[in-house]
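entry03.cif (mmCIF, C-alpha atoms and all ligand atoms)
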data_coords
loop_
_atom_site.label_atom_id
_atom_site.label_comp_id
_atom_site.auth_asym_id
_atom_site.auth_seq_id
_atom_site.Cartn_x
_atom_site.Cartn_y
_atom_site.Cartn_z
CA MET B 118 -16.47 17.94 -6.05
CA ALA B 119 -14.93 14.53 -5.37
CA ARG B 120 -16.84 11.58 -3.93
CA ILE B 121 -14.84 9.39 -1.60
CA ALA B 122 -16.01 5.96 -0.48
CA VAL B 123 -14.75 5.17 3.00
CA ILE B 124 -14.40 1.49 3.94
CA PRO B 125 -13.05 1.18 7.50
CA GLY B 126 -13.11 -2.66 7.42
CA ASP B 127 -12.19 -4.51 10.61
CA GLY B 128 -10.34 -4.03 13.88
CA ALA B 129 -7.49 -1.55 13.67
CA GLY B 130 -8.77 -0.52 10.24
CA ILE B 131 -11.91 0.91 11.85
CA GLU B 132 -9.92 2.63 14.59
CA VAL B 133 -7.50 4.40 12.27
CA ILE B 134 -10.22 5.51 9.86
CA ASP B 135 -12.43 6.76 12.72
CA ALA B 136 -9.47 8.76 13.96
CA ALA B 137 -8.33 10.07 10.56
CA LEU B 138 -11.70 11.09 9.10
CA PRO B 139 -12.42 14.11 11.33
CA LEU B 140 -9.00 15.52 10.45
CA LEU B 141 -9.72 14.99 6.74
CA GLU B 142 -13.11 16.66 7.17
CA GLN B 143 -11.37 19.60 8.79
CA LEU B 144 -8.84 19.87 5.95
CA ASN B 145 -11.73 19.66 3.53
CA GLN B 146 -13.41 22.65 5.19
CA VAL B 147 -10.34 24.78 5.74
CA HIS B 148 -8.97 24.33 2.22
CA GLY B 149 -12.35 24.13 0.46
CA LEU B 150 -11.41 20.84 -1.20
CA GLY B 151 -14.99 19.88 -2.09
CA LEU B 152 -14.66 16.31 -0.86
CA SER B 153 -17.66 14.27 0.21
CA PHE B 154 -17.24 11.12 2.26
CA GLU B 155 -19.62 8.15 2.21
CA ARG B 156 -19.11 5.29 4.57
CA PHE B 157 -19.49 1.61 3.64
CA GLU B 158 -19.49 -0.96 6.42
CA PHE B 159 -17.93 -3.84 4.51
CA GLY B 160 -16.02 -6.21 6.75
CA ALA B 161 -16.18 -9.29 8.93
CA GLU B 162 -19.27 -8.19 10.86
CA ARG B 163 -21.39 -7.85 7.75
CA TYR B 164 -19.94 -11.02 6.25
CA LEU B 165 -20.69 -13.08 9.34
CA LYS B 166 -24.24 -11.73 9.44
CA THR B 167 -25.16 -11.96 5.75
CA GLY B 168 -22.64 -14.33 4.17
CA GLU B 169 -21.82 -11.61 1.68
CA ALA B 170 -18.55 -9.64 1.55
CA LEU B 171 -19.47 -7.04 -1.09
CA PRO B 172 -22.97 -6.42 -2.48
CA PRO B 173 -23.40 -7.42 -6.13
CA GLY B 174 -22.58 -4.55 -8.47
CA GLN B 175 -20.69 -2.62 -5.78
CA ILE B 176 -17.41 -2.57 -7.68
CA ASP B 177 -19.14 -1.08 -10.73
CA ILE B 178 -20.68 1.59 -8.49
CA PHE B 179 -17.26 2.49 -7.12
CA ARG B 180 -15.77 2.61 -10.61
CA ARG B 181 -18.58 4.73 -12.02
CA ASP B 182 -19.62 7.04 -9.22
CA PHE B 183 -16.61 7.56 -6.96
CA ASP B 184 -13.30 9.38 -7.29
CA ALA B 185 -11.42 7.46 -4.63
CA ILE B 186 -11.75 4.82 -1.94
CA LEU B 187 -10.21 5.28 1.49
CA PHE B 188 -9.73 1.89 3.09
CA GLY B 189 -8.78 0.84 6.63
CA ALA B 190 -7.90 -2.85 6.83
CA VAL B 191 -9.71 -6.17 6.75
CA GLY B 192 -9.08 -9.37 8.67
CA ASP B 193 -10.86 -11.08 11.53
CA PRO B 194 -9.90 -14.20 13.42
CA ARG B 195 -13.56 -15.32 13.40
CA VAL B 196 -13.59 -15.70 9.61
CA LYS B 197 -11.98 -18.93 8.48
CA GLY B 198 -9.42 -18.41 5.72
CA GLN B 199 -10.13 -14.65 5.69
CA VAL B 200 -12.55 -15.23 2.81
CA HIS B 201 -14.23 -11.85 3.31
CA ALA B 202 -10.90 -10.03 3.34
CA ARG B 203 -9.86 -11.55 0.04
CA GLU B 204 -13.24 -10.87 -1.51
CA ILE B 205 -13.22 -7.27 -0.39
CA LEU B 206 -9.61 -6.17 -0.75
CA LEU B 207 -8.46 -8.37 -3.63
CA GLY B 208 -11.94 -8.02 -5.14
CA LEU B 209 -11.48 -4.25 -5.27
CA ARG B 210 -7.86 -4.34 -6.46
CA PHE B 211 -8.69 -6.82 -9.24
CA GLY B 212 -12.21 -5.60 -9.99
CA LEU B 213 -11.05 -2.00 -10.38
CA ASP B 214 -7.92 -3.23 -12.20
CA LEU B 215 -5.66 -1.24 -9.85
CA TYR B 216 -2.42 -2.53 -11.28
CA VAL B 217 0.02 -0.39 -9.30
CA ASN B 218 0.37 -0.80 -5.56
CA PHE B 219 2.52 2.22 -4.75
CA ARG B 220 4.25 1.98 -1.39
CA PRO B 221 6.66 4.70 -0.29
CA CYS B 222 9.25 3.68 2.31
CA ARG B 223 10.71 6.83 3.80
CA LEU B 224 12.24 7.06 7.24
CA LEU B 225 10.67 9.99 9.12
CA ALA B 226 13.06 10.18 12.09
CA ASP B 227 16.57 8.78 12.54
CA ARG B 228 15.69 7.22 15.89
CA LEU B 229 13.26 4.84 14.17
CA SER B 230 15.93 3.29 11.96
CA PRO B 231 16.68 -0.32 12.94
CA LEU B 232 19.97 -0.13 11.03
CA LYS B 233 23.26 1.01 12.52
CA GLY B 234 24.52 4.10 10.69
CA LYS B 235 21.50 4.42 8.38
CA GLY B 236 19.20 7.36 8.87
CA ARG B 237 16.78 9.55 6.96
CA LYS B 238 19.31 10.23 4.21
CA GLU B 239 19.83 6.54 3.56
CA ILE B 240 16.29 5.15 3.81
CA ASP B 241 14.00 6.66 1.20
CA PHE B 242 12.66 4.54 -1.63
CA VAL B 243 9.34 3.59 -3.23
CA VAL B 244 8.03 0.21 -4.30
CA PHE B 245 5.82 -0.41 -7.32
CA ARG B 246 4.16 -3.69 -6.47
CA GLU B 247 2.27 -5.41 -9.29
CA ASN B 248 -1.27 -5.63 -7.95
CA THR B 249 -3.52 -7.66 -10.25
CA GLU B 250 -1.62 -10.85 -11.11
CA GLY B 251 1.12 -13.08 -9.71
CA GLN B 252 0.13 -15.64 -7.12
CA TYR B 253 -2.90 -13.74 -5.89
CA ASN B 254 -5.44 -14.93 -8.47
CA GLY B 255 -6.93 -17.84 -6.56
CA LEU B 256 -6.43 -20.21 -9.50
CA GLY B 257 -5.67 -23.73 -8.42
CA GLY B 258 -7.19 -26.10 -5.99
CA VAL B 259 -6.86 -28.88 -3.54
CA PHE B 260 -7.13 -32.59 -4.27
CA LYS B 261 -7.33 -35.51 -1.80
CA LYS B 262 -7.53 -33.07 1.09
CA GLY B 263 -6.64 -34.51 4.45
CA THR B 264 -4.99 -37.63 3.01
CA PRO B 265 -1.28 -38.40 2.78
CA ASP B 266 -1.60 -37.80 -0.99
CA GLU B 267 -3.01 -34.30 -0.62
CA LEU B 268 -2.16 -31.95 -3.46
CA ALA B 269 -2.45 -28.15 -3.20
CA ILE B 270 -1.89 -26.13 -6.36
CA SER B 271 -1.75 -22.37 -6.73
CA GLU B 272 -1.08 -20.91 -10.15
CA GLU B 273 1.01 -17.83 -10.76
CA ILE B 274 0.04 -15.51 -13.58
CA ASN B 275 2.33 -13.07 -15.37
CA THR B 276 1.00 -11.41 -18.52
CA ARG B 277 2.99 -9.20 -20.87
CA LYS B 278 0.38 -6.48 -20.43
CA GLY B 279 0.39 -6.76 -16.64
CA VAL B 280 4.15 -6.84 -16.30
CA GLU B 281 4.76 -4.06 -18.78
CA ARG B 282 2.26 -1.60 -17.36
CA VAL B 283 3.64 -1.70 -13.82
CA ILE B 284 7.25 -1.47 -15.06
CA ARG B 285 6.26 1.50 -17.22
CA ALA B 286 4.58 3.14 -14.24
CA ALA B 287 7.76 2.73 -12.19
CA PHE B 288 10.01 4.32 -14.83
CA ALA B 289 7.56 7.13 -15.52
CA TRP B 290 7.35 7.92 -11.80
CA ALA B 291 11.15 7.81 -11.49
CA LYS B 292 11.53 10.29 -14.33
CA ARG B 293 8.82 12.62 -13.02
CA ASN B 294 10.46 12.63 -9.60
CA GLN B 295 14.05 13.12 -10.79
CA LYS B 296 15.14 9.65 -9.67
CA THR B 297 18.11 8.07 -11.40
CA ARG B 298 17.77 4.37 -10.52
CA VAL B 299 15.09 1.72 -10.92
CA ALA B 300 15.58 -1.80 -9.55
CA MET B 301 13.48 -4.81 -10.54
CA ALA B 302 13.20 -7.98 -8.47
CA ASP B 303 12.11 -11.35 -9.82
CA LYS B 304 13.16 -14.97 -9.38
CA ASN B 305 13.81 -16.09 -12.95
CA ASN B 306 16.63 -18.40 -11.87
CA ALA B 307 14.08 -20.66 -10.21
CA ILE B 308 10.83 -19.60 -11.88
CA PRO B 309 11.41 -19.55 -15.65
CA ALA B 310 8.16 -17.62 -16.26
CA HIS B 311 9.85 -14.63 -14.62
CA GLU B 312 12.05 -14.26 -17.68
CA LEU B 313 9.08 -12.23 -18.96
CA TRP B 314 9.81 -9.73 -16.18
CA LEU B 315 13.50 -9.49 -17.08
CA ARG B 316 12.90 -9.12 -20.81
CA THR B 317 10.15 -6.53 -20.37
CA PHE B 318 12.23 -4.62 -17.83
CA LYS B 319 15.16 -4.40 -20.26
CA GLU B 320 12.90 -3.28 -23.10
CA VAL B 321 11.22 -0.53 -21.11
CA ALA B 322 14.53 0.54 -19.55
CA ALA B 323 15.95 1.10 -23.05
CA GLU B 324 13.44 3.95 -23.43
CA TYR B 325 14.94 5.63 -20.34
CA PRO B 326 18.70 5.84 -21.03
CA GLU B 327 19.08 8.47 -18.31
CA ILE B 328 17.86 6.01 -15.65
CA GLU B 329 20.08 3.21 -14.37
CA ALA B 330 18.06 -0.03 -14.52
CA LYS B 331 19.27 -2.90 -12.41
CA HIS B 332 17.91 -6.41 -12.12
CA PHE B 333 18.04 -8.36 -8.84
CA TYR B 334 16.92 -11.78 -7.80
CA VAL B 335 14.45 -11.04 -5.07
CA ASP B 336 16.36 -12.88 -2.34
CA ASN B 337 19.42 -10.73 -2.97
CA LEU B 338 17.35 -7.55 -3.16
CA ALA B 339 15.81 -8.38 0.23
CA MET B 340 19.31 -8.59 1.70
CA GLN B 341 20.60 -5.46 -0.07
CA LEU B 342 17.60 -3.49 1.22
CA VAL B 343 18.79 -4.15 4.74
CA LEU B 344 22.54 -3.79 4.07
CA GLN B 345 22.46 -0.75 1.80
CA PRO B 346 19.01 0.78 1.58
CA GLU B 347 20.59 3.96 0.19
CA SER B 348 21.24 2.22 -3.11
CA PHE B 349 17.49 2.01 -3.81
CA GLN B 350 15.22 4.73 -5.13
CA VAL B 351 12.50 2.89 -7.05
CA ILE B 352 11.79 -0.85 -6.91
CA VAL B 353 9.35 -2.65 -9.18
CA THR B 354 8.37 -6.25 -8.54
CA THR B 355 5.69 -8.94 -8.55
CA ASN B 356 2.61 -8.99 -6.36
CA LEU B 357 3.85 -11.43 -3.71
CA PHE B 358 7.46 -10.22 -3.69
CA GLY B 359 6.14 -6.67 -3.37
CA ASP B 360 3.99 -7.68 -0.42
CA ILE B 361 7.02 -9.08 1.39
CA LEU B 362 9.52 -6.39 0.38
CA THR B 363 7.17 -3.64 1.53
CA ASP B 364 6.89 -5.19 4.97
CA ILE B 365 10.71 -5.06 5.05
CA GLY B 366 10.33 -1.46 3.90
CA ALA B 367 7.92 -0.86 6.80
CA GLY B 368 10.41 -2.46 9.17
CA LEU B 369 13.12 -0.08 7.93
CA THR B 370 10.93 2.98 8.48
CA GLY B 371 9.43 2.54 11.92
CA GLY B 372 7.01 -0.33 11.39
CA LEU B 373 3.57 -0.89 9.92
CA GLY B 374 2.12 1.95 11.96
CA LEU B 375 3.71 4.40 9.50
CA ALA B 376 3.46 2.59 6.15
CA ALA B 377 1.11 4.06 3.52
CA SER B 378 -0.02 2.80 0.14
CA ALA B 379 -2.02 3.67 -2.95
CA ASN B 380 -3.62 1.22 -5.37
CA LEU B 381 -3.68 2.98 -8.72
CA ASN B 382 -4.79 2.87 -12.32
CA PRO B 383 -5.17 6.24 -14.07
CA ASP B 384 -8.37 4.96 -15.75
CA SER B 385 -10.09 3.65 -12.64
CA THR B 386 -11.09 4.62 -9.10
CA PRO B 387 -7.98 4.49 -6.90
CA LEU B 388 -7.97 2.84 -3.48
CA PHE B 389 -5.83 4.15 -0.63
CA GLU B 390 -4.97 2.01 2.38
CA PRO B 391 -2.39 1.76 5.11
CA VAL B 392 -0.11 -1.25 4.52
CA HIS B 393 -1.00 -2.75 7.88
CA GLY B 394 -3.80 -5.16 8.63
CA SER B 395 -6.48 -5.30 11.31
CA ALA B 396 -3.82 -5.86 14.02
CA PRO B 397 -5.94 -8.17 16.20
CA ASP B 398 -3.18 -8.27 18.81
CA ILE B 399 -3.63 -4.59 19.70
CA ALA B 400 -7.03 -3.64 18.26
CA GLY B 401 -9.66 -2.18 20.57
CA LYS B 402 -7.22 -0.73 23.11
CA GLY B 403 -6.94 2.75 21.61
CA ILE B 404 -3.23 2.35 20.92
CA VAL B 405 -3.16 1.63 17.19
CA ASN B 406 -0.95 4.05 15.27
CA PRO B 407 -3.13 6.25 13.03
CA PHE B 408 -0.21 7.80 11.13
CA ALA B 409 -0.13 5.18 8.35
CA ALA B 410 -3.76 6.10 7.72
CA LEU B 411 -2.91 9.81 7.77
CA LEU B 412 0.01 9.37 5.38
CA THR B 413 -2.29 7.27 3.19
CA SER B 414 -4.83 10.09 3.27
CA ALA B 415 -2.07 12.44 2.11
CA LEU B 416 -1.37 10.14 -0.85
CA MET B 417 -5.08 10.33 -1.65
CA LEU B 418 -5.19 14.12 -1.44
CA ARG B 419 -2.15 14.35 -3.73
CA GLU B 420 -3.71 11.97 -6.25
CA LEU B 421 -6.90 14.07 -6.22
CA GLY B 422 -4.81 17.11 -7.11
CA HIS B 423 -4.53 18.71 -3.65
CA GLU B 424 -0.75 18.89 -3.34
CA ALA B 425 -0.59 21.66 -0.74
CA PRO B 426 -2.78 20.06 1.94
CA ALA B 427 -1.17 16.68 1.20
CA ALA B 428 2.32 18.07 1.82
CA LYS B 429 1.11 19.90 4.91
CA LEU B 430 -0.36 16.74 6.35
CA GLU B 431 2.80 14.73 5.64
CA SER B 432 4.97 17.35 7.20
CA ALA B 433 2.78 17.54 10.33
CA VAL B 434 2.95 13.75 10.73
CA GLN B 435 6.71 13.90 10.35
CA GLN B 436 6.98 16.63 13.00
CA ALA B 437 4.73 14.70 15.37
CA VAL B 438 6.95 11.63 14.97
CA GLU B 439 10.13 13.68 15.41
CA GLN B 440 8.75 15.28 18.57
CA GLY B 441 7.60 11.95 19.99
CA GLN B 442 3.95 13.01 19.82
CA CYS B 443 2.92 9.58 18.67
CA THR B 444 1.75 6.13 19.72
CA ARG B 445 3.97 3.65 21.57
CA ASP B 446 4.95 1.54 18.55
CA VAL B 447 7.03 4.51 17.38
CA GLY B 448 8.27 5.61 20.76
CA GLY B 449 5.50 7.85 22.08
CA THR B 450 2.85 7.47 24.75
CA LEU B 451 -0.21 8.89 23.02
CA SER B 452 -3.45 7.12 22.20
CA THR B 453 -4.73 6.82 18.64
CA GLN B 454 -7.01 9.84 19.07
CA GLU B 455 -4.37 11.93 20.85
CA ALA B 456 -1.83 11.26 18.11
CA VAL B 457 -4.25 12.57 15.47
CA ALA B 458 -5.02 15.57 17.68
CA ALA B 459 -1.28 16.30 17.88
CA VAL B 460 -1.05 16.30 14.08
CA ALA B 461 -4.15 18.52 13.81
CA LYS B 462 -2.57 21.00 16.22
CA LEU B 463 0.73 21.04 14.32
CA MET B 464 -1.20 21.76 11.11
CA ASN B 465 -3.15 24.58 12.74
CA ASP B 466 0.02 26.07 14.21
CA ALA B 467 1.62 26.02 10.75
CA ARG B 468 -1.15 28.19 9.30
P1 LIG B 501 -1.02 -6.67 10.86
O1 LIG B 501 -0.54 -5.63 9.92
O2 LIG B 501 -2.44 -6.58 11.24
O3 LIG B 501 -0.11 -6.67 12.18
C1 LIG B 501 1.26 -7.02 12.16
C2 LIG B 501 1.96 -6.44 13.39
O4 LIG B 501 2.07 -5.01 13.23
C3 LIG B 501 1.16 -6.65 14.66
O5 LIG B 501 2.05 -6.88 15.73
C4 LIG B 501 0.42 -5.35 14.86
O6 LIG B 501 0.14 -5.05 16.20
C5 LIG B 501 1.41 -4.34 14.27
N1 LIG B 501 0.65 -3.21 13.69
C6 LIG B 501 -0.07 -3.24 12.55
N2 LIG B 501 -0.65 -2.06 12.34
C7 LIG B 501 -0.29 -1.26 13.34
C8 LIG B 501 -0.59 0.08 13.68
N3 LIG B 501 -1.37 0.86 12.92
N4 LIG B 501 -0.06 0.58 14.82
C9 LIG B 501 0.74 -0.17 15.60
N5 LIG B 501 1.06 -1.44 15.32
C10 LIG B 501 0.55 -1.99 14.22
O7 LIG B 501 -0.72 -8.08 10.16
P2 LIG B 501 -1.10 -9.57 10.65
O8 LIG B 501 -1.10 -9.64 12.12
O9 LIG B 501 -0.24 -10.45 9.87
O10 LIG B 501 -2.58 -9.76 10.13
C11 LIG B 501 -3.75 -9.52 10.90
C12 LIG B 501 -4.96 -9.57 9.98
O11 LIG B 501 -4.95 -8.47 9.07
C13 LIG B 501 -5.01 -10.83 9.12
O12 LIG B 501 -6.35 -11.22 9.00
C14 LIG B 501 -4.47 -10.37 7.79
O13 LIG B 501 -4.92 -11.13 6.71
C15 LIG B 501 -5.01 -8.95 7.73
N6 LIG B 501 -4.26 -8.02 6.88
C16 LIG B 501 -5.01 -7.12 6.16
C17 LIG B 501 -4.36 -6.16 5.42
C18 LIG B 501 -5.19 -5.16 4.69
O14 LIG B 501 -6.38 -5.05 4.90
N7 LIG B 501 -4.62 -4.38 3.81
C19 LIG B 501 -2.97 -6.07 5.43
C20 LIG B 501 -2.24 -7.00 6.19
C21 LIG B 501 -2.89 -7.96 6.93
C1 LIG B 502 -1.28 -6.13 2.06
C2 LIG B 502 -1.87 -7.37 2.70
C3 LIG B 502 -2.72 -8.15 1.70
C4 LIG B 502 -1.81 -8.56 0.55
C5 LIG B 502 -3.47 -9.37 2.28
C6 LIG B 502 -4.36 -8.99 3.43
C7 LIG B 502 -4.25 -10.10 1.25
O1 LIG B 502 -0.85 -8.17 3.25
O2 LIG B 502 -2.05 -5.28 1.59
O3 LIG B 502 -0.06 -5.99 2.03
O4 LIG B 502 -1.11 -9.57 0.63
O5 LIG B 502 -1.81 -7.84 -0.45
MN MN B 503 1.09 -7.23 3.22
#
Show the structure stored in the file as structure tokens.
Amino acid sequence: MARIAVIPGDGAGIEVIDAALPLLEQLNQVHGLGLSFERFEFGAERYLKTGEALPPGQIDIFRRDFDAILFGAVGDPRVKGQVHAREILLGLRFGLDLYVNFRPCRLLADRLSPLKGKGRKEIDFVVFRENTEGQYNGLGGVFKKGTPDELAISEEINTRKGVERVIRAAFAWAKRNQKTRVAMADKNNAIPAHELWLRTFKEVAAEYPEIEAKHFYVDNLAMQLVLQPESFQVIVTTNLFGDILTDIGAGLTGGLGLAASANLNPDSTPLFEPVHGSAPDIAGKGIVNPFAALLTSALMLRELGHEAPAAKLESAVQQAVEQGQCTRDVGGTLSTQEAVAAVAKLMNDAR
């Protein structure tokens, strides 16, 4: 029995979770996975009504009583500064100490590659984004706001423990998955504190002589990702750089409508979420791509130990994309619901 907390969030997040859940329920029945889903309406609506993003003690409840969290997306133009989104999403990542943000970037169909001459064989890498430190901690402040002397400070944190554990996770994953290269991106030429990343990377790499470990400045890595994506298998980097590089990764693999992620710590309750946000520009029209949410659900099933249904779901999504049975952002004409139905049918046909 595994208890899963479902947080749809806002906008497109709600749409993709509403579309994905029935398919997950069906998989649960057919494969006897013993999953139970409990829904939590945390998002802009609740925040605007009550002034509260997450109830007190909620993070402890998730840590203690749940096996996973399935998350849609948060973000609402009505909330100034996206305070609720930070409190919910960053609150969960930090509060549950989910130090790995694992983001696979795999091209599912050659036609979706934006790069001349680069197809499925060339675009297949994963990013280990540090997820609890960096520039995301909220430390800092504003002084003399609104005057010509205004000062805005945001601190960046890098701890030995934080840097080492995500680098270790990247190497361990590479080894487990027969990968031969790990790349690390920092900016130690301009940000001296990043020397900690370089030193730690070299030390951990020494324990994996069979894996080629290569350091990049992040600006160069961003360019190389576009020029020769085939040279990357595993990338490990800071929180903010990982955020940006994984949107490049999404761009290389068909866009945010297909990008999945898992926030992990083996000793905590993992959180699974599509990389995309609440997509206010297209939300509410029934055209949001639900496949990122489905691929995210597959990551969750795999993490919960259900490899077979996870692989089946991934392969059905891939077939749907290949056959053009998908939403318009990836070249189809289907609605959100129809795209999920197409995947469900492909899975049933495969049985
Ligand atoms: P976004 O990911 O919401 O959208 C970026 C672009 O990608 C938009 O053009 C959108 O239409 C498209 N897109 C995103 N998801 C899609 C999908 N499933 N199918 C088809 N197209 C899709 O990013 P944004 O516009 O920069 O941010 C909007 C809001 O979402 C902001 O409030 C932001 O803070 C928030 N956000 C939340 C998360 C999250 O909850 N994890 C992630 C990113 C952004
Ligand atoms: C993501 C998002 C978030 C991030 C935002 C919404 C805080 O862009 O999950 O990639 O920067 O981590
Ligand atoms: Mn992002």
Please report, as JSON, the centre and edge lengths in Å to one decimal of an axis-aligned box covering all listed atoms of ligand LIG 502 (chain B) with 6 Å per side.
{"center_x": -2.2, "center_y": -7.7, "center_z": 1.5, "size_x": 16.3, "size_y": 16.8, "size_z": 15.9}
Distance query 9 Å from (14.2, 8.2, -9.0) using all atoms listed in the file, result as a ChimeraX atom specification
/B:242-243,288,290-299,328,349-351
Rounded to one decimal, what separation in Å do you get between atom CA of B:Ile361 and atom CA of B:Asp184?
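Atom CA of B:Asp184 lies at a distance of 28.8 Å from atom CA of B:Ile361.
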Test item: residues at most 8 Å from stretch 129-143 of chain B, all atoms listed in the file, excluding those fewer than 3 positions along its chain, as a count of residues only:
26
Near stretch 252-263 of chain B, counting only C-alpha atoms, which residues have an atom at most 7 Å away, once you skip same-chain residues fewer than 4 positions from it, shown as a PDB file with C-alpha atoms, in the frame of the given file?
ATOM      1  CA  GLU B 267      -3.010 -34.300  -0.620  1.00  0.00           C
ATOM      2  CA  LEU B 268      -2.160 -31.950  -3.460  1.00  0.00           C
ATOM      3  CA  ALA B 269      -2.450 -28.150  -3.200  1.00  0.00           C
ATOM      4  CA  ILE B 270      -1.890 -26.130  -6.360  1.00  0.00           C
ATOM      5  CA  SER B 271      -1.750 -22.370  -6.730  1.00  0.00           C
ATOM      6  CA  GLU B 272      -1.080 -20.910 -10.150  1.00  0.00           C
ATOM      7  CA  GLU B 273       1.010 -17.830 -10.760  1.00  0.00           C
ATOM      8  CA  ILE B 274       0.040 -15.510 -13.580  1.00  0.00           C
ATOM      9  CA  LEU B 357       3.850 -11.430  -3.710  1.00  0.00           C
TER      10      LEU B 357
END
Point out the residue among B:Asp398, B:Leu144, B:Gln345, B:Asp384 with the least atom-to-atom distance to B:Pro194, counting all atoms listed in the file.
B:Asp398
Per residue of chain B within 12 Å of ligand MN 503 (chain B), record the nearest atom pair and its distance in Å to one decimal, counting all atoms listed in the file, with rows in chain order and ascending residue number, as CSV.
residue,atom,partner,partner_atom,distance
B:Ala190,CA,B:MN503,MN,10.6
B:Val191,CA,B:MN503,MN,11.4
B:Gly192,CA,B:MN503,MN,11.7
B:Leu206,CA,B:MN503,MN,11.5
B:Leu207,CA,B:MN503,MN,11.8
B:Asn218,CA,B:MN503,MN,10.9
B:Arg220,CA,B:MN503,MN,10.8
B:Arg246,CA,B:MN503,MN,10.8
B:Asn248,CA,B:MN503,MN,11.5
B:Tyr253,CA,B:MN503,MN,11.9
B:Asn356,CA,B:MN503,MN,9.9
B:Leu357,CA,B:MN503,MN,8.6
B:Phe358,CA,B:MN503,MN,9.9
B:Gly359,CA,B:MN503,MN,8.3
B:Asp360,CA,B:MN503,MN,4.7
B:Ile361,CA,B:MN503,MN,6.5
B:Leu362,CA,B:MN503,MN,8.9
B:Thr363,CA,B:MN503,MN,7.3
B:Asp364,CA,B:MN503,MN,6.4
B:Ile365,CA,B:MN503,MN,10.0
B:Gly366,CA,B:MN503,MN,10.9
B:Ala367,CA,B:MN503,MN,10.0
B:Leu373,CA,B:MN503,MN,9.6
B:Ala376,CA,B:MN503,MN,10.5
B:Ala377,CA,B:MN503,MN,11.3
B:Ser378,CA,B:MN503,MN,10.6
B:Glu390,CA,B:MN503,MN,11.1
B:Pro391,CA,B:MN503,MN,9.8
B:Val392,CA,B:MN503,MN,6.2
B:His393,CA,B:MN503,MN,6.8
B:Gly394,CA,B:MN503,MN,7.6
B:Ser395,CA,B:MN503,MN,11.2
B:Ala396,CA,B:MN503,MN,11.9
Env of B:Leu171: 7 Å cut, atoms = all atoms listed in the file, seq-sep filter 3 positions within chain, self excluded. Answer as a PyMOL selection string.
chain B and resi 159+175+205
Which one is closest to B:Ile284: B:Gly168, B:Gly251, B:Val343, B:Ile352? Count only C-alpha atoms.
B:Ile352
Between B:Leu165, B:Leu225, B:Leu338, B:Val217, which residue has the minimum interatomic distance to ligand LIG 502 (chain B), considering all atoms listed in the file?
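Of B:Leu165, B:Leu225, B:Leu338, B:Val217, the one nearest ligand LIG 502 (chain B) is B:Val217, counting all atoms listed in the file.
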Ranking B:Glu312, B:Glu204, B:Glu431, B:Glu329 by minimum distance to ligand LIG 501 (chain B) and counting all atoms listed in the file, which one comes first?
B:Glu204
Could you check which of B:Asp303, B:Asp193, B:Asp227, B:Glu158 is closest to ligand LIG 501 (chain B), using all atoms listed in the file?
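Looking at the shortest contact to ligand LIG 501 (chain B), the residue is B:Asp193.
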Which polymer residues, protein or nucleic acid, are no farther than 12 Å from (0.4, 20.0, 4.4), counting all atoms listed in the file, as a PyMOL selection string?
chain B and resi 141+144+147-148+411-412+414-416+418-419+423-436+460-461+463-468
re atom CA of B:Ala323 and atom CA of B:Glu281: distance 13.0 Å
